[in-house]
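entry_27.cif (mmCIF, C-alpha atoms) appears below.
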```
data_my_file
loop_
_atom_site.label_atom_id
_atom_site.label_comp_id
_atom_site.auth_asym_id
_atom_site.auth_seq_id
_atom_site.Cartn_x
_atom_site.Cartn_y
_atom_site.Cartn_z
CA MET A 250 -6.04 -3.87 19.95
CA LYS A 251 -4.94 -1.85 16.94
CA LEU A 252 -5.06 -3.39 13.47
CA GLY A 253 -3.08 -1.77 10.67
CA ILE A 254 -4.38 -1.88 7.10
CA ASP A 255 -2.36 -1.06 3.98
CA VAL A 256 -4.91 1.16 2.26
CA MET A 257 -2.86 1.42 -0.93
CA GLY A 258 -2.39 -2.32 -1.50
CA GLY A 259 -4.40 -4.35 -4.02
CA ASP A 260 -5.78 -4.17 -7.53
CA TYR A 261 -8.68 -1.95 -6.46
CA ALA A 262 -6.98 0.16 -3.81
CA PRO A 263 -7.51 2.49 -2.14
CA GLU A 264 -11.29 2.65 -2.69
CA VAL A 265 -12.29 -0.93 -1.88
CA VAL A 266 -9.82 -1.18 1.00
CA ILE A 267 -11.43 1.80 2.68
CA GLU A 268 -14.89 0.38 1.96
CA GLY A 269 -13.87 -2.91 3.56
CA ALA A 270 -12.46 -1.09 6.57
CA VAL A 271 -15.71 0.82 7.03
CA ASP A 272 -17.67 -2.45 6.81
CA THR A 273 -15.43 -3.93 9.52
CA LEU A 274 -16.39 -1.28 12.08
CA LYS A 275 -19.68 -2.97 12.96
CA HIS A 276 -17.79 -6.14 13.94
CA LEU A 277 -15.35 -4.44 16.32
CA THR A 278 -15.55 -4.13 20.08
CA GLY A 279 -14.76 -1.03 22.08
CA ASN A 280 -11.08 -1.84 22.57
CA GLU A 281 -10.44 -2.57 18.89
CA ARG A 282 -9.41 0.14 16.45
CA LEU A 283 -8.37 0.26 12.81
CA VAL A 284 -5.28 2.13 11.64
CA LEU A 285 -5.45 3.16 7.98
CA VAL A 286 -2.00 3.49 6.41
CA GLY A 287 -1.82 5.34 3.09
CA ASP A 288 -2.39 8.62 1.31
CA GLU A 289 -4.29 10.74 3.83
CA LYS A 290 -6.04 12.88 1.21
CA SER A 291 -7.39 9.79 -0.59
CA ILE A 292 -8.49 8.25 2.70
CA LEU A 293 -10.37 11.34 3.87
CA SER A 294 -12.01 11.80 0.47
CA LYS A 295 -13.30 8.23 0.38
CA LEU A 296 -14.49 8.34 3.99
CA SER A 297 -16.43 11.50 3.17
CA GLU A 298 -17.97 9.78 0.14
CA LEU A 299 -19.06 6.90 2.41
CA SER A 300 -20.36 9.31 5.08
CA SER A 301 -18.00 7.68 7.54
CA GLU A 302 -16.36 9.67 10.35
CA PRO A 303 -12.54 9.94 10.15
CA SER A 304 -12.53 9.91 13.95
CA ASP A 305 -13.58 6.25 13.81
CA PHE A 306 -10.07 5.45 12.56
CA ASP A 307 -6.45 6.29 13.17
CA ILE A 308 -4.94 7.58 9.93
CA VAL A 309 -1.20 7.39 9.25
CA HIS A 310 -0.04 9.15 6.10
CA ALA A 311 2.23 7.33 3.65
CA SER A 312 3.22 9.23 0.51
CA GLN A 313 4.48 6.29 -1.58
CA VAL A 314 3.00 3.10 -2.99
CA ILE A 315 4.64 -0.22 -3.80
CA GLY A 316 2.87 -1.33 -6.96
CA MET A 317 1.76 -4.86 -7.67
CA GLY A 318 4.44 -5.17 -10.36
CA ASP A 319 7.28 -3.56 -8.42
CA HIS A 320 10.37 -5.56 -7.48
CA PRO A 321 9.71 -6.58 -3.84
CA ALA A 322 13.15 -6.11 -2.26
CA LYS A 323 14.15 -3.03 -4.25
CA SER A 324 10.85 -1.25 -3.78
CA PHE A 325 10.69 -1.99 -0.05
CA SER A 326 14.22 -0.62 0.42
CA GLN A 327 13.82 2.39 -1.83
CA LYS A 328 10.25 3.43 -1.01
CA LYS A 329 10.72 3.97 2.70
CA ASN A 330 7.52 6.00 2.95
CA SER A 331 5.38 3.44 1.16
CA SER A 332 2.25 2.21 2.93
CA ILE A 333 3.79 -1.25 3.36
CA ALA A 334 7.06 0.07 4.80
CA VAL A 335 5.27 2.52 7.11
CA GLY A 336 2.89 -0.21 8.24
CA TYR A 337 5.75 -2.51 9.13
CA GLY A 338 7.41 0.35 10.98
CA LEU A 339 4.30 0.74 13.12
CA LEU A 340 4.22 -3.02 13.69
CA LYS A 341 7.87 -3.21 14.73
CA SER A 342 7.50 -0.31 17.14
CA GLY A 343 4.41 -1.85 18.76
CA LEU A 344 2.05 0.93 17.67
CA ILE A 345 -0.17 -1.66 15.98
CA ASP A 346 -0.78 -5.29 16.98
CA GLY A 347 -1.26 -6.72 13.50
CA PHE A 348 -0.77 -5.62 9.91
CA CYS A 349 -2.57 -6.76 6.76
CA SER A 350 -2.35 -5.93 3.06
CA ALA A 351 -3.78 -7.10 -0.24
CA GLY A 352 -0.84 -5.49 -2.00
CA ASN A 353 2.47 -6.75 -3.36
CA THR A 354 2.91 -10.18 -1.76
CA GLY A 355 6.66 -10.23 -2.28
CA ALA A 356 7.06 -6.83 -0.63
CA MET A 357 4.96 -7.97 2.32
CA LEU A 358 7.20 -11.01 2.76
CA VAL A 359 10.36 -8.92 2.38
CA GLY A 360 8.99 -6.50 4.95
CA ALA A 361 8.37 -9.30 7.40
CA SER A 362 11.98 -10.48 6.99
CA TYR A 363 13.55 -7.00 7.08
CA THR A 364 11.61 -5.50 9.97
CA VAL A 365 9.90 -7.88 12.39
CA ASN A 366 12.22 -10.80 11.51
CA VAL A 367 11.82 -14.55 11.81
CA ILE A 368 11.23 -16.02 15.27
CA PRO A 369 14.44 -17.58 16.61
CA GLY A 370 14.25 -21.33 16.11
CA VAL A 371 11.92 -21.13 13.11
CA GLN A 372 13.75 -22.42 10.04
CA ARG A 373 11.35 -21.00 7.49
CA PRO A 374 8.09 -19.08 7.97
CA ALA A 375 5.02 -20.36 6.16
CA LEU A 376 1.80 -19.12 4.62
CA VAL A 377 -1.25 -20.89 6.01
CA THR A 378 -4.85 -21.15 4.89
CA ASN A 379 -7.99 -22.65 6.37
CA VAL A 380 -9.49 -25.60 4.49
CA PRO A 381 -13.21 -26.27 5.04
CA SER A 382 -14.80 -29.70 5.30
CA VAL A 383 -18.25 -30.52 3.93
CA SER A 384 -19.71 -30.03 7.42
CA GLY A 385 -18.06 -26.63 7.85
CA ARG A 386 -15.21 -27.76 10.12
CA TYR A 387 -11.87 -26.13 9.31
CA SER A 388 -8.37 -27.56 9.05
CA VAL A 389 -5.15 -25.68 8.35
CA LEU A 390 -2.95 -26.24 5.28
CA LEU A 391 0.70 -25.11 5.17
CA ASP A 392 2.78 -24.04 3.34
CA VAL A 393 0.67 -22.53 0.53
CA GLY A 394 3.30 -20.63 -1.40
CA LEU A 395 6.18 -19.21 0.61
CA ASN A 396 8.70 -22.07 0.31
CA PRO A 397 8.32 -24.19 -2.85
CA ASP A 398 11.23 -26.46 -1.93
CA CYS A 399 11.48 -27.73 1.65
CA LYS A 400 13.80 -30.08 3.50
CA PRO A 401 12.36 -32.82 5.74
CA ASP A 402 13.11 -30.95 8.97
CA VAL A 403 11.25 -27.90 7.65
CA LEU A 404 8.17 -30.04 6.94
CA LEU A 405 8.44 -31.46 10.46
CA GLN A 406 8.49 -27.95 11.88
CA TYR A 407 5.50 -27.03 9.73
CA GLY A 408 3.64 -29.79 11.56
CA LYS A 409 4.53 -28.05 14.83
CA LEU A 410 3.69 -24.55 13.57
CA GLY A 411 0.41 -25.79 12.12
CA SER A 412 -0.47 -27.48 15.41
CA ILE A 413 0.07 -24.23 17.31
CA TYR A 414 -2.13 -22.39 14.80
CA ALA A 415 -4.81 -25.09 15.02
CA ARG A 416 -4.87 -24.97 18.82
CA TYR A 417 -4.98 -21.23 19.33
CA VAL A 418 -6.75 -19.94 16.19
CA LEU A 419 -9.06 -22.85 15.31
CA GLY A 420 -9.56 -24.10 18.88
CA LYS A 421 -8.36 -27.69 18.34
CA LYS A 422 -7.28 -29.27 21.65
CA ASN A 423 -4.99 -31.99 20.27
CA PRO A 424 -4.79 -31.36 16.53
CA THR A 425 -4.06 -34.27 14.24
CA VAL A 426 -1.27 -33.81 11.69
CA ALA A 427 -0.76 -35.46 8.29
CA LEU A 428 1.56 -35.14 5.29
CA LEU A 429 -0.05 -34.44 1.94
CA ASN A 430 1.24 -37.20 -0.33
CA ILE A 431 0.47 -39.28 -3.42
CA GLY A 432 -0.49 -42.30 -1.31
CA ALA A 433 -1.36 -43.26 2.23
CA GLU A 434 1.43 -45.81 2.49
CA GLU A 435 4.58 -44.90 4.37
CA SER A 436 6.70 -45.87 1.36
CA LYS A 437 5.02 -43.40 -1.02
CA GLY A 438 6.30 -39.99 -2.07
CA THR A 439 9.56 -38.23 -2.82
CA SER A 440 12.67 -38.84 -0.76
CA VAL A 441 12.01 -35.58 1.10
CA VAL A 442 8.45 -36.54 2.00
CA LYS A 443 9.47 -40.04 3.05
CA SER A 444 12.21 -38.65 5.26
CA ALA A 445 9.78 -36.15 6.76
CA TYR A 446 7.37 -39.01 7.45
CA GLU A 447 10.03 -40.82 9.48
CA MET A 448 10.88 -37.69 11.45
CA MET A 449 7.25 -36.83 12.16
CA LYS A 450 6.46 -40.39 13.19
CA GLU A 451 9.20 -40.26 15.84
CA ASP A 452 8.35 -36.78 17.15
CA THR A 453 6.14 -36.96 20.25
CA THR A 454 5.31 -33.23 20.23
CA ILE A 455 2.84 -33.60 17.35
CA ASN A 456 -0.17 -35.87 16.93
CA PHE A 457 0.99 -37.42 13.65
CA HIS A 458 -1.54 -39.49 11.68
CA GLY A 459 0.51 -40.42 8.62
CA ASN A 460 -0.12 -39.46 5.01
CA ILE A 461 -3.23 -37.97 3.46
CA GLU A 462 -4.07 -38.02 -0.26
CA SER A 463 -5.55 -35.00 -1.99
CA ASN A 464 -8.86 -36.80 -2.60
CA GLN A 465 -9.35 -36.82 1.18
CA LEU A 466 -9.27 -33.04 1.41
CA PHE A 467 -12.54 -31.27 2.24
CA HIS A 468 -13.98 -34.43 3.84
CA ASP A 469 -14.90 -34.51 7.53
CA GLU A 470 -12.19 -37.12 8.13
CA MET A 471 -9.32 -34.90 7.03
CA PRO A 472 -6.78 -34.12 9.78
CA ASP A 473 -6.61 -30.78 11.55
CA VAL A 474 -3.17 -29.89 10.14
CA ILE A 475 -2.11 -30.75 6.58
CA VAL A 476 1.59 -30.32 5.80
CA CYS A 477 3.21 -29.83 2.40
CA ASP A 478 5.78 -27.63 0.70
CA GLY A 479 4.74 -24.31 -0.80
CA PHE A 480 4.74 -25.66 -4.36
CA VAL A 481 2.15 -28.34 -3.61
CA GLY A 482 0.17 -26.14 -1.23
CA ASN A 483 -0.17 -23.32 -3.73
CA ILE A 484 -1.45 -25.74 -6.38
CA VAL A 485 -4.10 -26.98 -3.92
CA LEU A 486 -5.08 -23.41 -3.13
CA LYS A 487 -5.38 -22.38 -6.78
CA GLN A 488 -7.27 -25.58 -7.65
CA ALA A 489 -9.85 -24.77 -4.98
CA GLU A 490 -10.20 -21.28 -6.47
CA ALA A 491 -10.71 -22.86 -9.90
CA PHE A 492 -13.49 -25.11 -8.62
CA TYR A 493 -15.21 -22.13 -7.05
CA THR A 494 -14.96 -20.17 -10.30
CA ILE A 495 -16.56 -23.04 -12.24
CA TYR A 496 -19.24 -23.33 -9.57
CA ARG A 497 -20.08 -19.66 -10.01
CA MET A 498 -19.98 -19.84 -13.83
CA ARG A 499 -22.51 -22.67 -13.80
CA LYS A 500 -24.75 -20.64 -11.47
CA LEU A 501 -24.90 -23.40 -8.87
CA LYS A 502 -25.83 -22.83 -5.26
CA ASP A 503 -24.35 -24.83 -2.42
CA SER A 504 -23.25 -23.58 0.99
CA PHE A 505 -20.09 -25.71 1.03
CA PHE A 506 -18.69 -24.31 -2.22
CA ASP A 507 -19.33 -20.81 -0.92
CA LEU A 508 -16.72 -21.62 1.74
CA LEU A 509 -14.11 -21.91 -1.03
CA ASP A 510 -14.63 -18.29 -2.03
CA PHE A 511 -11.44 -16.43 -1.11
CA GLU A 512 -13.58 -13.43 -0.24
CA ASN A 513 -14.98 -15.42 2.70
CA ILE A 514 -11.48 -16.39 3.86
CA GLY A 515 -9.87 -12.98 3.59
CA GLY A 516 -6.17 -13.76 3.55
CA THR A 517 -3.28 -16.00 4.49
CA PRO A 518 -1.42 -15.43 7.76
CA VAL A 519 2.37 -15.51 7.72
CA ILE A 520 3.41 -17.68 10.66
CA GLY A 521 6.90 -17.93 12.08
CA VAL A 522 7.68 -14.19 12.16
CA ASN A 523 7.85 -11.96 15.23
CA ALA A 524 4.53 -10.24 14.61
CA ASN A 525 1.02 -10.86 13.32
CA VAL A 526 0.90 -10.43 9.53
CA VAL A 527 -1.85 -11.37 7.07
CA ILE A 528 -1.60 -11.15 3.27
CA GLY A 529 -4.78 -10.79 1.23
CA HIS A 530 -5.54 -11.69 -2.38
CA GLY A 531 -4.50 -8.94 -4.79
CA ASN A 532 -7.93 -9.18 -6.41
CA SER A 533 -9.71 -8.50 -3.11
CA LYS A 534 -12.81 -6.36 -3.13
CA ARG A 535 -14.89 -4.94 -0.31
CA LYS A 536 -16.00 -8.18 1.36
CA ALA A 537 -12.58 -9.83 1.08
CA ILE A 538 -10.90 -6.80 2.65
CA MET A 539 -13.30 -6.92 5.58
CA ASN A 540 -12.61 -10.61 6.13
CA MET A 541 -8.85 -10.06 5.80
CA ILE A 542 -9.05 -7.52 8.62
CA LEU A 543 -11.22 -9.81 10.74
CA GLN A 544 -8.80 -12.67 10.16
CA THR A 545 -5.97 -10.43 11.33
CA ARG A 546 -7.99 -9.76 14.46
CA SER A 547 -8.35 -13.53 15.04
CA VAL A 548 -4.59 -14.04 14.74
CA VAL A 549 -3.90 -11.14 17.10
CA SER A 550 -6.54 -12.35 19.57
CA ALA A 551 -4.87 -15.76 19.61
CA ASN A 552 -1.53 -14.04 20.34
CA LEU A 553 -0.16 -16.39 17.71
CA ALA A 554 3.32 -14.95 17.26
CA GLN A 555 3.96 -15.06 21.01
CA ARG A 556 2.60 -18.61 21.26
CA ILE A 557 5.05 -19.74 18.58
CA LYS A 558 7.94 -18.00 20.37
CA GLU A 559 7.06 -19.88 23.56
CA GLU A 560 6.64 -23.31 21.99
CA ILE A 561 9.24 -23.55 19.19
#
```
Structure translated into structure tokens:
Amino acid sequence: MKLGIDVMGGDYAPEVVIEGAVDTLKHLTGNERLVLVGDEKSILSKLSELSSEPSDFDIVHASQVIGMGDHPAKSFSQKKNSSIAVGYGLLKSGLIDGFCSAGNTGAMLVGASYTVNVIPGVQRPALVTNVPSVSGRYSVLLDVGLNPDCKPDVLLQYGKLGSIYARYVLGKKNPTVALLNIGAEESKGTSVVKSAYEMMKEDTTINFHGNIESNQLFHDEMPDVIVCDGFVGNIVLKQAEAFYTIYRMRKLKDSFFDLLDFENIGGTPVIGVNANVVIGHGNSKRKAIMNMILQTRSVVSANLAQRIKEEI
């Protein structure tokens, strides 16, 4: 297994990305190898500073960088030797099994669409994140930011995509699925959500359990798959980050709230595209980078993209 890392992506790149990659080495098995994509001189200099052997990695030089403020589509098209573009080239050609970056999110999404493409049958890819319960059990929430406005049939398919993710990445045998809504009653919600409810209720390929309200999140009773559009999902994601920030500011200590730290999660997989792609937080530092890489390994190990191709 070869995992590609965009060394130049993120607010603190390339230094912290290389540090996170070095930290990942101790978690890898003999058949797993990291491919560092970025400016070779910067990579070698930082590895030397860390007393880490360059031979522990594959290094692929990329002379350009897509900045965090660059226009996603224009920069991806014009900077053909950027670390993101080169990484996607490796992914498309099969030279790496997964690719991750904490860089320009828009460019990463454009790259997924331009190079590896959407899986046939998938209406819209989604960003997913793991949501912890108070006992440490994880559920999956999607979409968390890719599609802010979804039709009912897209939400139905998110239930299917989320179920595949829950089975093969989280190990859920028959994952339960629910719609995130403003009430548990079938009659609650927007016209889109109500229509999606009807479609999900009639679909026998998912284990639909109705609506879930946001005050049921993080409890042990929450379903395995929580479906919403990207607008709602991103608000949930950012609200969890806000709670963790307050928790840290007040110098509290609780193992559950530590699970909300994005550094412990690493990144958000893009599901529904023809390859394994994970996008990290732009603010990622050493620990977050390591966990982003390890999350990419989990997605690759689950053969998630292929599973979706087979089941959608």
Any chance you could resolve the PyMOL selection byres ((chain A and resi 257) around 7) against this file and give the residues as a list in words?
Asp255, Val256, Gly258, Gly259, Ala262, Pro263, Gly287, Val314 and Ser332 of chain A
Compile a residue-level contact table for segment 311-405 of chain A against segment 444-468 of chain A at a cut-off of 7 Å, reporting for every qualifying residue the shortest atom pair and its distance in Å to one decimal, with all atoms listed in the file counted, rows ordered by chain and ascending number, as JSON lines.
```
{"residue": "A:Val380", "atom": "CA", "partner": "A:Phe467", "partner_atom": "CA", "distance": 6.8}
{"residue": "A:Pro381", "atom": "CA", "partner": "A:Phe467", "partner_atom": "CA", "distance": 5.8}
{"residue": "A:Ser382", "atom": "CA", "partner": "A:Phe467", "partner_atom": "CA", "distance": 4.1}
{"residue": "A:Val383", "atom": "CA", "partner": "A:His468", "partner_atom": "CA", "distance": 5.8}
{"residue": "A:Pro401", "atom": "CA", "partner": "A:Ala445", "partner_atom": "CA", "distance": 4.3}
{"residue": "A:Asp402", "atom": "CA", "partner": "A:Ala445", "partner_atom": "CA", "distance": 6.6}
{"residue": "A:Leu404", "atom": "CA", "partner": "A:Ala445", "partner_atom": "CA", "distance": 6.3}
{"residue": "A:Leu405", "atom": "CA", "partner": "A:Met449", "partner_atom": "CA", "distance": 5.8}
```
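Rounded to one decimal, atom CA of Cys349 of chain A and atom CA of Arg282 of chain A lie 13.7 Å from each other.
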Explicit residues for the PyMOL selection byres ((chain A and resi 374-377) around 10) (as a PyMOL selection string):
chain A and resi 358+361-362+366-368+371-373+378-380+389-396+403+406-407+410-411+414+475-476+478-479+482-483+516-522+527-528
Nearby residues (only C-alpha atoms) at most 12 Å from Glu264 of chain A, same-chain spacing under 5 positions excluded, as a ChimeraX atom specification:
/A:255-259,269-271,287-288,291-299,533-535,538
